[in-house]
Structure formats: C-alpha cells, structure tokens
file start_32.txt (compact mmCIF, C-alpha atoms)
# COMPACT_ATOMS: atom_id res chain seq x y z
CA MET A 1 0.00 0.00 0.00
CA LEU A 2 2.87 2.37 0.74
CA LYS A 3 4.16 2.24 -2.82
CA ASP A 4 0.66 2.75 -4.25
CA MET A 5 0.16 5.82 -2.07
CA ARG A 6 3.60 7.20 -2.94
CA ILE A 7 2.97 6.78 -6.66
CA ARG A 8 -0.49 8.30 -6.37
CA LYS A 9 1.09 11.33 -4.69
CA LYS A 10 3.62 11.45 -7.57
CA MET A 11 6.60 11.13 -5.25
CA THR A 12 9.86 9.31 -5.85
CA LEU A 13 11.53 7.22 -3.16
CA GLU A 14 14.05 10.03 -2.73
CA GLN A 15 11.34 12.68 -2.32
CA LEU A 16 9.48 10.62 0.26
CA SER A 17 12.74 9.95 2.06
CA LYS A 18 13.55 13.64 2.31
CA ALA A 19 10.00 14.59 3.32
CA SER A 20 9.74 11.91 6.01
CA GLY A 21 13.29 11.63 7.29
CA VAL A 22 13.20 7.86 6.64
CA SER A 23 16.01 6.41 4.53
CA ARG A 24 15.32 5.55 0.91
CA VAL A 25 16.61 2.01 1.51
CA SER A 26 14.19 1.50 4.42
CA ILE A 27 11.23 2.80 2.41
CA ASN A 28 12.14 0.47 -0.43
CA ARG A 29 12.25 -2.49 1.98
CA TYR A 30 8.82 -1.53 3.36
CA GLU A 31 7.42 -1.31 -0.16
CA LEU A 32 8.84 -4.71 -1.09
CA GLY A 33 7.43 -6.28 2.07
CA GLU A 34 10.88 -7.21 3.35
CA ARG A 35 10.35 -5.21 6.54
CA SER A 36 7.51 -3.48 8.36
CA PRO A 37 7.80 0.01 9.82
CA ASN A 38 7.11 0.59 13.49
CA VAL A 39 4.28 2.96 14.41
CA TYR A 40 6.63 5.96 14.75
CA ILE A 41 8.04 5.45 11.24
CA ALA A 42 4.60 4.72 9.77
CA LYS A 43 3.38 8.04 11.20
CA LYS A 44 6.32 9.90 9.63
CA LEU A 45 5.60 8.29 6.25
CA ALA A 46 1.87 8.99 6.50
CA ASP A 47 2.49 12.63 7.42
CA ALA A 48 4.87 13.05 4.47
CA LEU A 49 2.25 11.54 2.15
CA GLY A 50 -0.59 13.62 3.61
CA CYS A 51 -2.59 10.62 4.74
CA THR A 52 -3.22 8.56 7.86
CA ILE A 53 -1.51 5.38 8.98
CA GLU A 54 -4.82 3.64 8.36
CA ASP A 55 -4.73 4.79 4.73
CA LEU A 56 -1.35 3.08 4.33
CA ILE A 57 -2.59 -0.25 5.65
CA ASP A 58 -6.29 -0.25 4.74
CA GLU A 59 -6.66 -1.84 1.33
CA LYS A 60 -10.29 -0.73 1.02
CA SER A 61 -9.57 2.98 1.46
CA THR A 62 -6.56 2.74 -0.85
CA THR A 63 -8.61 1.03 -3.52
CA LYS A 64 -11.41 3.58 -3.15
CA ASP A 65 -8.94 6.49 -3.45
CA ALA A 66 -7.39 4.92 -6.56
CA GLU A 67 -10.80 4.48 -8.16
CA GLU A 68 -11.71 8.10 -7.42
CA ALA A 69 -8.46 9.33 -8.98
CA VAL A 70 -9.30 7.64 -12.30
call {"tool": "encode", "arguments": {"input": "start_32.txt", "output": "structure tokens"}}
result
Amino acid sequence: MLKDMRIRKKMTLEQLSKASGVSRVSINRYELGERSPNVYIAKKLADALGCTIEDLIDEKSTTKDAEEAV
C-alpha cells in the first residue's frame, strides 16, 4: 500500500525519504514487504504523504482512493 500511495502522490523514493526523514533504503524495503515500519516510522511516512496510517494499511480505502483518482 505504501508504494501505491507514494505513486499516487507522484513522489519518488528520494522525495518521500527527504519529506519523512526515513532512509530511501528502508522505504524500499517496506514497499517490497521485506520489513515493516514501526508505528513511529509509519506516522512519519503517512504525514509526508498527507494521509493517515490507516490509509497506508487499509486496502479498502486505498482502492477507493485509486478508483476516485481515475
């Protein structure tokens, strides 16, 4: 969901990294499912993306947002 949200917001990994203070490598690992962010990191990512933590993990709201964007 993180990658979908990042792409929808038209952000690169580097841009999200700078906006959130989370390393590009860590974000990439979260997007690939190799690691999971703790709540503190998830909040930083959500804030940088202008969404809530729930938006990052709730497939239904992500799908609804994607459908509305089309």
call {"tool": "residues_around", "arguments": {"input": "start_32.txt", "residues": "stretch 27-37 of chain A", "least_positions_apart": "3", "cutoff": "8 Å", "atoms": "only C-alpha atoms", "output": "short mmCIF file (atom, residue, chain, number, x, y, z; two decimals) with C-alpha atoms, in the coordinates of the input"}}
result
data_model
loop_
_atom_site.label_atom_id
_atom_site.label_comp_id
_atom_site.auth_asym_id
_atom_site.auth_seq_id
_atom_site.Cartn_x
_atom_site.Cartn_y
_atom_site.Cartn_z
CA MET A 1 0.00 0.00 0.00
CA LEU A 2 2.87 2.37 0.74
CA LYS A 3 4.16 2.24 -2.82
CA LEU A 13 11.53 7.22 -3.16
CA SER A 17 12.74 9.95 2.06
CA VAL A 22 13.20 7.86 6.64
CA SER A 23 16.01 6.41 4.53
CA ARG A 24 15.32 5.55 0.91
CA TYR A 40 6.63 5.96 14.75
CA ILE A 41 8.04 5.45 11.24
CA ALA A 42 4.60 4.72 9.77
#
call {"tool": "atom_distance", "arguments": {"input": "start_32.txt", "atom1": "atom CA of A:Asp58", "atom2": "atom CA of A:Leu16"}}
result
19.7 Å
call {"tool": "atom_distance", "arguments": {"input": "start_32.txt", "atom1": "atom CA of A:Asn38", "atom2": "atom CA of A:Asp4"}}
result
19.0 Å
call {"tool": "atom_distance", "arguments": {"input": "start_32.txt", "atom1": "atom CA of A:Lys43", "atom2": "atom CA of A:Lys10"}}
result
19.1 Å
call {"tool": "residues_near_point", "arguments": {"input": "start_32.txt", "point": "(2.8, 8.1, -0.6)", "cutoff": "9 Å", "atoms": "all atoms listed in the file", "output": "short mmCIF file (atom, residue, chain, number, x, y, z; two decimals) with C-alpha atoms, keeping the file's coordinate frame"}}
result
data_model
loop_
_atom_site.label_atom_id
_atom_site.label_comp_id
_atom_site.auth_asym_id
_atom_site.auth_seq_id
_atom_site.Cartn_x
_atom_site.Cartn_y
_atom_site.Cartn_z
CA MET A 1 0.00 0.00 0.00
CA LEU A 2 2.87 2.37 0.74
CA LYS A 3 4.16 2.24 -2.82
CA ASP A 4 0.66 2.75 -4.25
CA MET A 5 0.16 5.82 -2.07
CA ARG A 6 3.60 7.20 -2.94
CA ILE A 7 2.97 6.78 -6.66
CA ARG A 8 -0.49 8.30 -6.37
CA LYS A 9 1.09 11.33 -4.69
CA LYS A 10 3.62 11.45 -7.57
CA MET A 11 6.60 11.13 -5.25
CA THR A 12 9.86 9.31 -5.85
CA LEU A 16 9.48 10.62 0.26
CA LEU A 45 5.60 8.29 6.25
CA ALA A 46 1.87 8.99 6.50
CA ALA A 48 4.87 13.05 4.47
CA LEU A 49 2.25 11.54 2.15
CA GLY A 50 -0.59 13.62 3.61
CA CYS A 51 -2.59 10.62 4.74
CA LEU A 56 -1.35 3.08 4.33
#
